[in-house]
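*Asks:* Data: work_20.txt, compact mmCIF, C-alpha atoms.
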```txt
# COMPACT_ATOMS: atom_id res chain seq x y z
CA MET X 1 -160.41 72.54 70.21
CA PRO X 2 -162.05 69.30 69.02
CA ASN X 3 -161.89 66.33 71.38
CA SER X 4 -160.55 64.01 68.70
CA PRO X 5 -158.81 65.85 65.85
CA LYS X 6 -157.52 62.63 64.36
CA SER X 7 -160.92 61.06 64.08
CA SER X 8 -162.30 64.11 62.30
CA ILE X 9 -159.66 63.84 59.58
CA LEU X 10 -160.45 60.69 57.64
CA SER X 11 -161.17 60.85 53.95
CA ARG X 12 -162.11 63.89 51.93
CA ARG X 13 -165.67 62.57 51.65
CA SER X 14 -166.18 62.10 55.39
CA PHE X 15 -164.33 65.34 56.10
CA LEU X 16 -166.75 67.32 53.97
CA ARG X 17 -169.72 65.79 55.50
CA ALA X 18 -168.97 66.87 59.21
CA THR X 19 -142.26 89.60 35.40
CA THR X 20 -140.69 88.61 32.20
CA GLY X 21 -141.75 85.13 32.79
CA ALA X 22 -145.13 86.35 33.89
CA ALA X 23 -145.63 88.41 30.74
CA ALA X 24 -144.66 85.45 28.57
CA THR X 25 -147.11 83.19 30.39
CA LEU X 26 -149.90 85.71 29.94
CA ALA X 27 -149.16 86.10 26.23
CA ALA X 28 -149.05 82.35 25.71
CA ALA X 29 -152.31 81.84 27.50
CA LYS X 30 -154.08 84.55 25.51
CA ALA X 31 -152.94 82.88 22.33
CA LEU X 32 -154.80 79.71 23.20
CA ILE X 33 -158.23 81.11 22.35
CA PRO X 34 -159.05 82.84 19.04
CA GLY X 35 -159.30 86.59 19.40
CA GLY X 36 -157.70 86.51 22.87
CA ALA X 37 -161.03 85.81 24.61
CA TRP X 38 -160.52 83.18 27.28
CA ALA X 39 -163.11 80.70 28.44
CA THR X 40 -163.24 77.66 30.69
CA SER X 41 -164.02 74.29 29.14
CA ALA X 42 -167.47 74.23 30.78
CA ALA X 43 -169.85 77.00 31.74
CA PRO X 44 -169.94 78.00 35.43
CA GLU X 45 -172.87 76.61 37.41
CA VAL X 46 -173.44 80.05 38.95
CA ARG X 47 -172.64 83.59 37.81
CA GLY X 48 -170.67 84.57 40.87
CA ALA X 49 -169.59 84.07 44.46
CA THR X 50 -169.01 86.36 47.43
CA LEU X 51 -165.35 86.70 48.37
CA GLY X 52 -164.06 88.62 51.38
CA TYR X 53 -160.81 90.52 51.76
CA ILE X 54 -158.93 92.53 54.38
CA ALA X 55 -157.32 95.85 53.44
CA LEU X 56 -153.90 94.33 52.86
CA THR X 57 -151.86 94.56 49.67
CA ASP X 58 -151.83 90.79 49.21
CA SER X 59 -155.57 90.80 48.53
CA ALA X 60 -154.83 92.71 45.31
CA PRO X 61 -155.39 89.81 42.86
CA LEU X 62 -159.01 89.43 43.98
CA ILE X 63 -159.59 93.15 43.46
CA ILE X 64 -157.69 93.37 40.17
CA ALA X 65 -159.69 90.43 38.80
CA GLU X 66 -162.82 92.51 39.44
CA VAL X 67 -161.51 95.87 38.23
CA LYS X 68 -159.91 94.46 35.07
CA GLY X 69 -162.93 92.33 34.18
CA PHE X 70 -161.23 88.95 34.50
CA TYR X 71 -164.13 87.40 36.41
CA GLN X 72 -166.53 88.52 33.69
CA LYS X 73 -164.24 87.05 31.05
CA TYR X 74 -164.88 83.64 32.57
CA GLY X 75 -168.64 83.99 32.85
CA LEU X 76 -168.74 85.35 36.40
CA ASP X 77 -170.52 88.68 36.04
CA GLN X 78 -172.05 88.66 39.53
CA MET X 79 -168.98 88.41 41.74
CA LYS X 80 -169.02 90.30 45.03
CA ILE X 81 -165.67 91.32 46.57
CA GLU X 82 -166.46 92.55 50.07
CA LYS X 83 -164.17 94.21 52.62
CA GLN X 84 -163.99 92.56 56.05
CA ALA X 85 -163.35 94.51 59.25
CA SER X 86 -161.02 91.96 60.82
CA TRP X 87 -159.87 88.37 60.57
CA GLY X 88 -162.41 87.53 63.24
CA ALA X 89 -165.18 89.00 61.10
CA THR X 90 -163.87 87.01 58.12
CA ARG X 91 -164.11 83.83 60.17
CA ASP X 92 -167.69 84.53 61.25
CA ASN X 93 -168.80 85.45 57.74
CA MET X 94 -167.14 82.35 56.32
CA ALA X 95 -169.08 80.20 58.78
CA LEU X 96 -172.31 81.79 57.55
CA GLY X 97 -171.68 81.42 53.82
CA SER X 98 -173.29 83.76 51.30
CA ALA X 99 -176.64 81.97 51.59
CA ARG X 100 -176.92 83.39 55.11
CA GLY X 101 -175.41 86.80 54.41
CA GLY X 102 -171.77 85.84 54.77
CA ILE X 103 -169.05 84.94 52.28
CA ASP X 104 -168.14 81.85 50.24
CA GLY X 105 -164.40 82.34 50.47
CA GLY X 106 -161.72 84.92 49.91
CA HIS X 107 -158.37 86.33 50.94
CA ILE X 108 -157.39 84.62 54.19
CA LEU X 109 -154.38 83.80 56.32
CA ARG X 110 -153.08 80.43 55.16
CA PRO X 111 -153.52 78.63 58.52
CA LYS X 112 -157.18 79.64 58.62
CA VAL X 113 -157.98 76.90 56.08
CA PHE X 114 -157.16 74.13 58.56
CA GLN X 115 -158.20 76.16 61.61
CA TYR X 116 -161.71 76.59 60.20
CA SER X 117 -161.83 73.02 58.93
CA LEU X 118 -160.89 71.58 62.31
CA GLY X 119 -163.17 74.02 64.09
CA THR X 120 -160.45 75.13 66.52
CA VAL X 121 -161.15 78.85 66.07
CA MET X 122 -164.86 78.61 65.27
CA GLN X 123 -167.91 79.29 67.42
CA ASN X 124 -168.55 76.20 69.59
CA ASN X 125 -165.65 74.50 67.78
CA GLN X 126 -168.00 73.80 64.88
CA PRO X 127 -165.93 72.86 61.79
CA THR X 128 -166.36 74.81 58.56
CA PRO X 129 -164.64 72.61 55.94
CA MET X 130 -162.43 74.71 53.68
CA TYR X 131 -160.09 74.29 50.73
CA ASN X 132 -156.80 76.04 50.04
CA LEU X 133 -157.15 76.70 46.30
CA LEU X 134 -154.36 79.11 45.49
CA SER X 135 -151.50 80.98 47.15
CA LEU X 136 -152.05 84.70 46.63
CA ASN X 137 -148.52 85.90 47.36
CA GLU X 138 -145.09 85.44 48.87
CA ASP X 139 -143.12 87.76 51.19
CA CYS X 140 -143.69 91.46 52.00
CA GLN X 141 -145.07 91.38 55.51
CA GLY X 142 -143.21 93.25 58.22
CA ILE X 143 -142.34 93.40 61.90
CA SER X 144 -142.28 96.99 63.12
CA VAL X 145 -141.14 98.46 66.43
CA ALA X 146 -142.07 101.61 68.33
CA GLN X 147 -139.77 104.60 67.97
CA GLU X 148 -138.69 104.37 71.63
CA TYR X 149 -136.57 101.35 70.70
CA ALA X 150 -134.64 103.06 67.90
CA ASP X 151 -131.44 103.10 69.95
CA THR X 152 -131.42 99.29 70.15
CA GLN X 153 -130.90 99.15 66.38
CA VAL X 154 -132.95 95.97 66.42
CA ALA X 155 -133.26 94.25 63.07
CA LEU X 156 -133.28 90.57 62.14
CA ASP X 157 -131.98 89.57 65.58
CA SER X 158 -134.73 90.30 68.09
CA GLY X 159 -132.22 89.68 70.88
CA ALA X 160 -131.37 93.37 70.68
CA LEU X 161 -134.68 93.98 72.47
CA ARG X 162 -134.17 91.55 75.36
CA ASP X 163 -132.66 94.02 77.81
CA ALA X 164 -135.03 96.83 76.87
CA PHE X 165 -138.07 94.59 77.29
CA ALA X 166 -136.74 93.22 80.59
CA ALA X 167 -136.16 96.74 81.91
CA LYS X 168 -139.69 97.76 80.99
CA ARG X 169 -141.16 94.75 82.76
CA ALA X 170 -138.98 95.39 85.81
CA ALA X 171 -140.45 98.89 85.96
CA GLY X 172 -143.89 97.33 86.22
CA GLU X 173 -144.93 98.09 82.64
CA GLU X 174 -146.34 95.62 80.16
CA VAL X 175 -144.52 94.77 76.96
CA THR X 176 -147.07 94.28 74.20
CA ALA X 177 -146.60 92.64 70.81
CA ALA X 178 -149.49 92.73 68.35
CA MET X 179 -150.47 90.35 65.56
CA THR X 180 -153.65 89.86 63.57
CA PHE X 181 -155.09 86.43 64.45
CA PRO X 182 -154.01 83.61 66.80
CA GLY X 183 -152.11 80.95 64.88
CA GLY X 184 -152.23 83.03 61.70
CA THR X 185 -149.23 83.95 59.60
CA HIS X 186 -148.44 87.23 61.39
CA ASP X 187 -148.66 85.53 64.77
CA LEU X 188 -146.22 82.86 63.58
CA TRP X 189 -143.73 85.34 62.06
CA LEU X 190 -143.76 87.40 65.26
CA ARG X 191 -143.32 84.38 67.52
CA TYR X 192 -140.58 82.88 65.36
CA TRP X 193 -138.63 86.15 65.34
CA LEU X 194 -138.93 86.72 69.09
CA ALA X 195 -138.07 83.13 69.98
CA ALA X 196 -135.06 83.03 67.66
CA GLY X 197 -133.64 85.95 69.65
CA GLY X 198 -134.26 84.31 73.01
CA ILE X 199 -137.49 86.19 73.83
CA ASP X 200 -140.29 83.82 74.84
CA PRO X 201 -143.54 85.15 73.33
CA ASN X 202 -145.54 83.31 76.01
CA THR X 203 -143.75 84.74 79.05
CA ASP X 204 -141.64 87.77 78.08
CA VAL X 205 -144.31 89.75 76.20
CA SER X 206 -148.08 89.99 76.03
CA VAL X 207 -149.24 89.00 72.55
CA ILE X 208 -152.49 90.71 71.54
CA VAL X 209 -154.77 90.69 68.49
CA VAL X 210 -155.30 93.91 66.51
CA PRO X 211 -157.01 94.12 63.08
CA PRO X 212 -154.52 95.10 60.34
CA PRO X 213 -156.01 98.54 59.53
CA GLN X 214 -155.83 99.49 63.21
CA MET X 215 -152.13 98.72 63.76
CA VAL X 216 -150.75 102.16 62.97
CA ALA X 217 -153.32 104.01 65.08
CA ASN X 218 -152.63 101.76 68.06
CA MET X 219 -148.87 102.24 67.76
CA ARG X 220 -149.43 105.99 67.56
CA VAL X 221 -151.13 106.07 70.98
CA GLY X 222 -148.60 103.73 72.59
CA ASN X 223 -150.71 100.57 72.86
CA MET X 224 -147.94 98.29 71.60
CA ASP X 225 -144.18 97.93 71.52
CA CYS X 226 -144.01 95.99 68.27
CA PHE X 227 -146.33 94.41 65.76
CA CYS X 228 -146.40 92.08 62.78
CA VAL X 229 -148.76 92.81 59.91
CA GLY X 230 -148.93 92.85 56.14
CA GLU X 231 -148.53 95.89 53.93
CA PRO X 232 -149.36 98.71 53.52
CA TRP X 233 -149.39 99.22 57.29
CA ASN X 234 -145.66 98.89 58.01
CA GLU X 235 -144.88 101.35 55.24
CA GLN X 236 -147.56 103.73 56.47
CA LEU X 237 -146.10 103.58 59.98
CA VAL X 238 -142.70 104.61 58.61
CA ASN X 239 -144.18 107.34 56.41
CA GLN X 240 -145.90 108.81 59.47
CA GLY X 241 -142.72 108.69 61.57
CA ILE X 242 -144.34 106.63 64.35
CA GLY X 243 -141.97 103.67 64.35
CA PHE X 244 -139.61 101.66 62.18
CA THR X 245 -139.48 98.29 60.47
CA ALA X 246 -137.03 95.89 62.07
CA LEU X 247 -137.34 93.41 59.23
CA THR X 248 -139.52 92.31 56.38
CA THR X 249 -140.63 88.71 56.63
CA GLY X 250 -138.82 87.76 53.44
CA GLU X 251 -135.63 88.23 55.48
CA LEU X 252 -136.97 85.74 58.01
CA TRP X 253 -137.82 83.13 55.39
CA ALA X 254 -137.09 83.91 51.75
CA ASN X 255 -140.02 83.35 49.39
CA HIS X 256 -142.33 82.37 52.20
CA PRO X 257 -146.03 81.85 51.44
CA GLU X 258 -148.59 84.22 52.92
CA LYS X 259 -152.29 84.61 52.10
CA VAL X 260 -154.38 82.18 50.12
CA LEU X 261 -157.62 82.06 48.21
CA GLY X 262 -159.60 79.81 50.52
CA MET X 263 -163.19 78.76 49.87
CA ARG X 264 -165.86 76.79 51.66
CA ALA X 265 -165.57 73.16 50.58
CA ASP X 266 -169.31 72.78 50.08
CA TRP X 267 -169.36 75.72 47.64
CA VAL X 268 -166.43 74.33 45.66
CA ASP X 269 -167.89 70.85 45.46
CA ALA X 270 -171.27 72.18 44.33
CA ASN X 271 -169.71 74.49 41.71
CA PRO X 272 -166.60 72.90 40.19
CA ASN X 273 -166.80 74.84 36.91
CA ALA X 274 -167.33 78.16 38.69
CA THR X 275 -164.41 77.32 40.95
CA LYS X 276 -162.18 76.80 37.94
CA ALA X 277 -163.41 80.09 36.48
CA ILE X 278 -162.53 81.91 39.71
CA LEU X 279 -159.10 80.30 39.77
CA MET X 280 -158.38 81.26 36.16
CA ALA X 281 -159.51 84.85 36.72
CA VAL X 282 -157.39 85.23 39.86
CA MET X 283 -154.39 83.62 38.16
CA GLU X 284 -154.65 86.11 35.33
CA ALA X 285 -154.82 88.89 37.92
CA GLN X 286 -151.73 87.51 39.67
CA ILE X 287 -149.81 87.55 36.40
CA TRP X 288 -150.85 91.19 35.92
CA CYS X 289 -149.95 92.12 39.49
CA ASP X 290 -146.51 90.50 39.22
CA ASP X 291 -145.49 92.64 36.24
CA MET X 292 -143.25 95.43 37.57
CA ALA X 293 -144.64 97.75 34.89
CA ASN X 294 -148.06 97.54 36.55
CA LYS X 295 -147.03 98.32 40.13
CA GLU X 296 -147.88 102.03 40.07
CA GLU X 297 -151.31 101.39 38.58
CA LEU X 298 -151.84 98.57 41.07
CA ALA X 299 -151.12 100.90 44.00
CA GLN X 300 -153.47 103.51 42.55
CA ILE X 301 -156.30 101.00 42.14
CA VAL X 302 -156.20 99.25 45.51
CA GLY X 303 -155.55 102.51 47.34
CA ARG X 304 -158.98 103.84 46.31
CA ARG X 305 -161.58 104.53 48.98
CA GLN X 306 -163.77 101.58 48.03
CA TRP X 307 -160.86 99.16 48.47
CA TYR X 308 -158.17 100.11 51.05
CA ASN X 309 -158.62 103.87 51.41
CA VAL X 310 -154.84 104.28 51.69
CA PRO X 311 -152.54 106.75 49.88
CA PRO X 312 -150.78 104.95 46.99
CA ALA X 313 -147.47 106.24 48.36
CA ASP X 314 -147.97 103.96 51.37
CA ILE X 315 -148.36 100.96 49.05
CA LEU X 316 -145.98 101.39 46.13
CA GLY X 317 -142.50 101.19 47.65
CA ARG X 318 -142.66 97.71 49.09
CA LEU X 319 -144.65 96.45 46.11
CA ARG X 320 -141.50 97.26 44.12
CA GLY X 321 -139.08 95.91 46.73
CA ASP X 322 -137.92 99.39 47.74
CA VAL X 323 -137.91 99.34 51.54
CA ASN X 324 -137.55 102.42 53.75
CA TYR X 325 -137.13 100.85 57.18
CA GLY X 326 -137.65 104.19 58.91
CA ASN X 327 -134.43 104.11 60.91
CA GLY X 328 -132.03 105.44 58.32
CA ARG X 329 -131.83 102.16 56.46
CA MET X 330 -133.05 102.19 52.87
CA GLU X 331 -132.85 99.24 50.50
CA THR X 332 -133.84 99.20 46.84
CA GLU X 333 -134.34 96.29 44.45
CA THR X 334 -134.11 93.97 47.42
CA GLY X 335 -135.96 90.98 46.03
CA LEU X 336 -138.25 91.44 49.04
CA GLU X 337 -141.11 92.77 46.93
CA MET X 338 -144.51 91.15 47.15
CA LYS X 339 -144.55 88.25 44.70
CA PHE X 340 -147.83 87.18 43.12
CA TRP X 341 -147.07 84.66 40.37
CA GLY X 342 -143.46 83.54 40.00
CA GLU X 343 -141.95 81.31 37.36
CA ASN X 344 -144.69 79.11 35.87
CA GLY X 345 -146.95 80.09 38.74
CA ALA X 346 -144.71 78.68 41.48
CA THR X 347 -145.76 81.49 43.83
CA SER X 348 -149.44 80.89 43.14
CA PHE X 349 -149.27 77.10 43.44
CA PRO X 350 -150.53 75.85 46.86
CA TRP X 351 -147.60 73.59 47.80
CA LYS X 352 -148.75 70.98 50.29
CA SER X 353 -145.37 70.95 52.03
CA LEU X 354 -145.86 74.60 53.01
CA ASP X 355 -149.19 73.83 54.64
CA LYS X 356 -147.32 71.26 56.75
CA TRP X 357 -145.05 73.96 58.16
CA PHE X 358 -147.97 76.15 59.22
CA ILE X 359 -149.68 73.24 60.94
CA THR X 360 -146.40 72.29 62.65
CA GLU X 361 -145.92 75.85 63.91
CA ASN X 362 -149.48 75.84 65.24
CA ILE X 363 -148.56 72.67 67.12
CA ARG X 364 -145.38 74.37 68.37
CA TRP X 365 -147.36 77.16 70.02
CA GLY X 366 -150.13 74.99 71.43
CA TYR X 367 -152.87 75.94 68.98
CA GLN X 368 -153.14 72.34 67.79
CA PRO X 369 -152.43 69.08 69.66
CA ALA X 370 -149.07 67.40 69.24
CA ASP X 371 -150.67 64.17 67.95
CA LEU X 372 -152.56 65.83 65.11
CA ASP X 373 -152.27 63.89 61.84
CA ILE X 374 -150.62 66.64 59.79
CA ALA X 375 -150.53 64.77 56.48
CA SER X 376 -154.21 63.90 56.67
CA VAL X 377 -155.23 67.47 57.43
CA VAL X 378 -153.28 68.69 54.40
CA GLU X 379 -154.74 66.06 52.08
CA ASN X 380 -158.26 67.05 53.10
CA THR X 381 -157.81 70.81 52.76
CA ASN X 382 -155.27 71.47 50.02
CA ARG X 383 -156.72 71.28 46.48
CA SER X 384 -153.61 71.68 44.40
CA ASP X 385 -155.31 69.38 41.90
CA LEU X 386 -157.86 72.10 41.11
CA TRP X 387 -155.06 74.67 40.72
CA LEU X 388 -153.25 72.39 38.27
CA ASP X 389 -156.41 71.81 36.26
CA ALA X 390 -157.04 75.56 35.93
CA ALA X 391 -153.39 76.33 35.17
CA ARG X 392 -153.19 73.74 32.41
CA GLU X 393 -156.26 75.20 30.79
CA LEU X 394 -154.44 78.54 30.78
CA GLY X 395 -151.45 76.91 29.09
CA VAL X 396 -149.14 77.14 32.10
CA ASP X 397 -146.24 74.68 32.15
CA THR X 398 -146.83 72.82 35.43
CA ALA X 399 -144.11 70.18 35.01
CA GLY X 400 -142.01 71.46 37.92
CA LEU X 401 -144.84 71.58 40.44
CA SER X 402 -145.44 68.78 42.92
CA ASP X 403 -146.65 68.23 46.47
CA SER X 404 -143.40 69.42 48.01
CA ARG X 405 -141.15 72.44 47.63
CA GLY X 406 -138.52 70.51 49.59
CA VAL X 407 -136.61 71.42 52.74
CA GLU X 408 -137.13 75.03 53.85
CA THR X 409 -134.37 77.00 55.62
CA PHE X 410 -134.91 80.03 57.87
CA PHE X 411 -132.72 83.00 58.73
CA ASP X 412 -131.43 81.44 61.97
CA GLY X 413 -130.22 78.28 60.25
CA LYS X 414 -133.16 76.11 61.31
CA SER X 415 -134.63 73.90 58.62
CA PHE X 416 -137.98 72.23 58.10
CA ASP X 417 -138.22 68.92 56.30
CA PRO X 418 -141.89 68.37 55.42
CA GLU X 419 -141.28 64.63 55.61
CA ASN X 420 -140.12 64.93 59.23
CA PRO X 421 -141.92 67.72 61.13
CA SER X 422 -141.01 66.15 64.48
CA ALA X 423 -137.30 66.71 63.88
CA TYR X 424 -138.00 70.40 63.29
CA LEU X 425 -140.00 70.66 66.51
CA ASP X 426 -137.26 68.87 68.44
CA SER X 427 -134.71 71.43 67.22
CA LEU X 428 -136.60 74.36 68.75
CA SER X 429 -135.82 75.39 72.31
CA ILE X 430 -138.74 77.80 72.86
CA LYS X 431 -142.20 76.35 72.28
CA ALA X 432 -145.51 75.74 74.05
CA MET X 433 -146.72 72.36 72.85
CA VAL X 434 -149.74 70.59 74.33
```
Write out the structure in this file as structure tokens.

*Replies:*
Amino acid sequence: MPNSPKSSILSRRSFLRATTGAAATLAAAKALIPGGAWATSAAPEVRGATLGYIALTDSAPLIIAEVKGFYQKYGLDQMKIEKQASWGATRDNMALGSARGGIDGGHILRPKVFQYSLGTVMQNNQPTPMYNLLSLNEDCQGISVAQEYADTQVALDSGALRDAFAAKRAAGEEVTAAMTFPGGTHDLWLRYWLAAGGIDPNTDVSVIVVPPPQMVANMRVGNMDCFCVGEPWNEQLVNQGIGFTALTTGELWANHPEKVLGMRADWVDANPNATKAILMAVMEAQIWCDDMANKEELAQIVGRRQWYNVPPADILGRLRGDVNYGNGRMETETGLEMKFWGENGATSFPWKSLDKWFITENIRWGYQPADLDIASVVENTNRSDLWLDAARELGVDTAGLSDSRGVETFFDGKSFDPENPSAYLDSLSIKAMV
């Protein structure tokens, strides 16, 4: 953790130095250019970039942009979309950059943008300045529980597990909860859920890190009692009869943001036209992914060996919002499907107010210091201005998009006002602030 986080967040310059609606949007945008061929207003400085992704369904827009030729449409015929083994590997490759055999950006957990930029999770705390360029998706992560807890009927209220966890600890056994990266989205969903039910994630369970593609295998051999991860791994767990989903994260916080397209700030600043081209290509892919008519094809594409290597049946259900929880509960047309675009791109837009919540939650759990200047961090890492520029060139109506989505409300009645993060922190009884 840096010795002086505040001093490292000054100005952007100094910081860098150290489906109906979707279909209509797509049609309108295509109509802008004669013959339906789209182009940015200026040629890209380079013909491609290297973007990383984890085998999670919310990386789909980056893959679809490659498979459907959207990058090429914008003059980027040398894009590389490379699978990463874990979020730790993504971090290390991002620090390298493509010039040294790493990556320039990609599909990452939203908090990683400020974690990398501040250096708090990097080797030797060395900052890697990053930008949040675009929100890839909303909703459709899950918290799943081992089959041994089926009798608890645990769901949205984690309190149903308190006695079972206490009994296991009293018997001298460890209670293990897995997530994918400290301070990342899955860590925060897991901790929020446990704490809301009176289970302290710092004292009542052992929280461990497991790469997303390894979650199901580890649950199978009994290495964990519960986990939080993105799809398709919760659905695969259910399909294999190993455990059940207690809740999808959209039940925790409706329309919550998840992964982002994050890129190294030095790459973006050196290649503004190429950045816009990448944004436009990924936006077009998000519009395609959001169309319910494309969900089956989407599952078939990303399930291929070269992408996720996962049966499409383990992907499709929750893409559509059809959730088999694995404990006899089945919900269809839930509104909990993975959202990629939204009305006028509201899902894709990188709202600054949402970044504030993730930083505040990192403060809550001791990953960042309590005196961190939240607003300054957001201003130096969130490039909603670049999103707006690209969206307007596509003909998207951006009138309703601003810095703030307003007050957010969670399943337990707690609310977060981005203008007053301290009040939110004060309202929480379980936390580990430093």

*Asks:* So that each row is one residue of segment 273-337 of chain X with an atom at most 12 Å from segment 152-162 of chain X, can you give its shortest atom pair and the distance in Å to one decimal, using all atoms listed in the file, rows by chain and rising number, as a tab-separated table?

*Replies:*
```
residue	atom	partner	partner_atom	distance
X:Tyr325	CA	X:Ala155	CA	9.7
X:Gly326	CA	X:Gln153	CA	11.3
X:Asn327	CA	X:Gln153	CA	8.2
X:Gly328	CA	X:Gln153	CA	10.3
X:Arg329	CA	X:Ala155	CA	10.4
```

*Asks:* Taking C-alpha atoms for each residue, export the selection above as a PDB file, keeping the file's coordinate frame.

*Replies:*
```
ATOM      1  CA  TYR X 325    -137.130 100.850  57.180  1.00  0.00           C
ATOM      2  CA  GLY X 326    -137.650 104.190  58.910  1.00  0.00           C
ATOM      3  CA  ASN X 327    -134.430 104.110  60.910  1.00  0.00           C
ATOM      4  CA  GLY X 328    -132.030 105.440  58.320  1.00  0.00           C
ATOM      5  CA  ARG X 329    -131.830 102.160  56.460  1.00  0.00           C
TER       6      ARG X 329
END
```

*Asks:* As a PDB file with C-alpha atoms, in the coordinates of the input, please: the residues near Gln300 of chain X (cut-off 12 Å, all atoms listed in the file, same-chain neighbours under 3 positions excluded).

*Replies:*
```pdb
ATOM      1  CA  THR X  57    -151.860  94.560  49.670  1.00  0.00           C
ATOM      2  CA  ALA X  60    -154.830  92.710  45.310  1.00  0.00           C
ATOM      3  CA  ILE X  64    -157.690  93.370  40.170  1.00  0.00           C
ATOM      4  CA  VAL X  67    -161.510  95.870  38.230  1.00  0.00           C
ATOM      5  CA  ASN X 294    -148.060  97.540  36.550  1.00  0.00           C
ATOM      6  CA  LYS X 295    -147.030  98.320  40.130  1.00  0.00           C
ATOM      7  CA  GLU X 296    -147.880 102.030  40.070  1.00  0.00           C
ATOM      8  CA  GLU X 297    -151.310 101.390  38.580  1.00  0.00           C
ATOM      9  CA  GLY X 303    -155.550 102.510  47.340  1.00  0.00           C
ATOM     10  CA  ARG X 304    -158.980 103.840  46.310  1.00  0.00           C
ATOM     11  CA  ARG X 305    -161.580 104.530  48.980  1.00  0.00           C
ATOM     12  CA  GLN X 306    -163.770 101.580  48.030  1.00  0.00           C
ATOM     13  CA  TRP X 307    -160.860  99.160  48.470  1.00  0.00           C
ATOM     14  CA  TYR X 308    -158.170 100.110  51.050  1.00  0.00           C
ATOM     15  CA  ASN X 309    -158.620 103.870  51.410  1.00  0.00           C
ATOM     16  CA  VAL X 310    -154.840 104.280  51.690  1.00  0.00           C
ATOM     17  CA  PRO X 311    -152.540 106.750  49.880  1.00  0.00           C
ATOM     18  CA  PRO X 312    -150.780 104.950  46.990  1.00  0.00           C
ATOM     19  CA  ALA X 313    -147.470 106.240  48.360  1.00  0.00           C
ATOM     20  CA  ASP X 314    -147.970 103.960  51.370  1.00  0.00           C
ATOM     21  CA  ILE X 315    -148.360 100.960  49.050  1.00  0.00           C
ATOM     22  CA  LEU X 316    -145.980 101.390  46.130  1.00  0.00           C
ATOM     23  CA  LEU X 319    -144.650  96.450  46.110  1.00  0.00           C
TER      24      LEU X 319
END
```

*Asks:* With all atoms listed in the file as the counted atoms, please give the residues lying no more than 8 Å from Ser59 of chain X, apart from itself and same-chain residues fewer than 5 positions off, as JSON, numbers by chain.

*Replies:* {"X": [53, 54, 107, 136, 259]}

*Asks:* Could the residues in this selection be written to a file with C-alpha atoms, as an mmCIF file, in the frame of the given file?

*Replies:*
```
data_model
loop_
_atom_site.group_PDB
_atom_site.id
_atom_site.type_symbol
_atom_site.label_atom_id
_atom_site.label_comp_id
_atom_site.auth_asym_id
_atom_site.auth_seq_id
_atom_site.Cartn_x
_atom_site.Cartn_y
_atom_site.Cartn_z
ATOM 1 C CA TYR X 53 -160.810 90.520 51.760
ATOM 2 C CA ILE X 54 -158.930 92.530 54.380
ATOM 3 C CA HIS X 107 -158.370 86.330 50.940
ATOM 4 C CA LEU X 136 -152.050 84.700 46.630
ATOM 5 C CA LYS X 259 -152.290 84.610 52.100
#
```

*Asks:* With all atoms listed in the file as the atoms that count, which of X:Val46, X:Val238, X:Ile374, X:Met280 lies nearest to Leu386 of chain X?

*Replies:*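 Of all the options, X:Met280 lies closest to Leu386 of chain X.
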
*Asks:* Pick out the residues sitting within 7 Å of segment 242-256 of chain X, and hand them over as a list in words; count only C-alpha atoms, and ignore anything fewer than 5 positions along from it in its own chain.

*Replies:*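 Returned residues: Glu138, Asp139, Cys140, Gln141, Gly142, Ile143, Ser144, Val145, Ala146, Gln147, Val154, Ala155, Leu156, Arg220, Asn234, Leu237, Tyr325, Gly326, Asn327, Leu336, Phe410 and Phe411 of chain X.
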
*Asks:* Which residue, X:Ala432, X:Cys289, X:Leu134, X:Val175, has the smallest gap to Ile301 of chain X when you use all atoms listed in the file?

*Replies:*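 Counting all atoms listed in the file, the residue closest to Ile301 of chain X is X:Cys289.
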
*Asks:* Excluding Phe340 of chain X and any residue of its chain fewer than 4 positions from it, enumerate the residues within 9 Å of it, using only C-alpha atoms, and give them as a PyMOL selection string.

*Replies:* chain X and resi 58+61+135-138+283+285-290+345+347-348

*Asks:* Using all atoms listed in the file, determine which residues lie at most 12 Å from Leu76 of chain X, disregarding the query and same-chain residues fewer than 5 positions distant; provide the list as number ranges by chain.

*Replies:* X: 39-40, 43-50, 65-66, 69-71, 273-282

*Asks:* One number please: atom CA of Met94 of chain X to atom CA of Asp77 of chain X, in Å, one decimal.

*Replies:*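 Between atom CA of Met94 of chain X and atom CA of Asp77 of chain X the gap works out to 21.5 Å.
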
*Asks:* For the atom pair atom CA of Phe349 of chain X and atom CA of Leu388 of chain X, what is the interatomic distance in Å to one decimal place?

*Replies:* 8.0 Å

*Asks:* Using all atoms listed in the file, find the one residue out of X:Leu109, X:Ala217, X:Ala370, X:Met433 that sits nearest to Leu261 of chain X.

*Replies:* X:Leu109

*Asks:* Looking at all atoms listed in the file, which of X:Ile103, X:Val377, X:Ser353, X:Gly335 is the one that sits closest to Glu408 of chain X?

*Replies:*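 Once distances to Glu408 of chain X are computed over all atoms listed in the file, the minimum belongs to X:Ser353.
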
*Asks:* Just the number, please: distance in Å from atom CA of Ser404 of chain X to atom CA of Ser427 of chain X, one decimal.

*Replies:*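 Computing it gives 21.2 Å between the two atoms.
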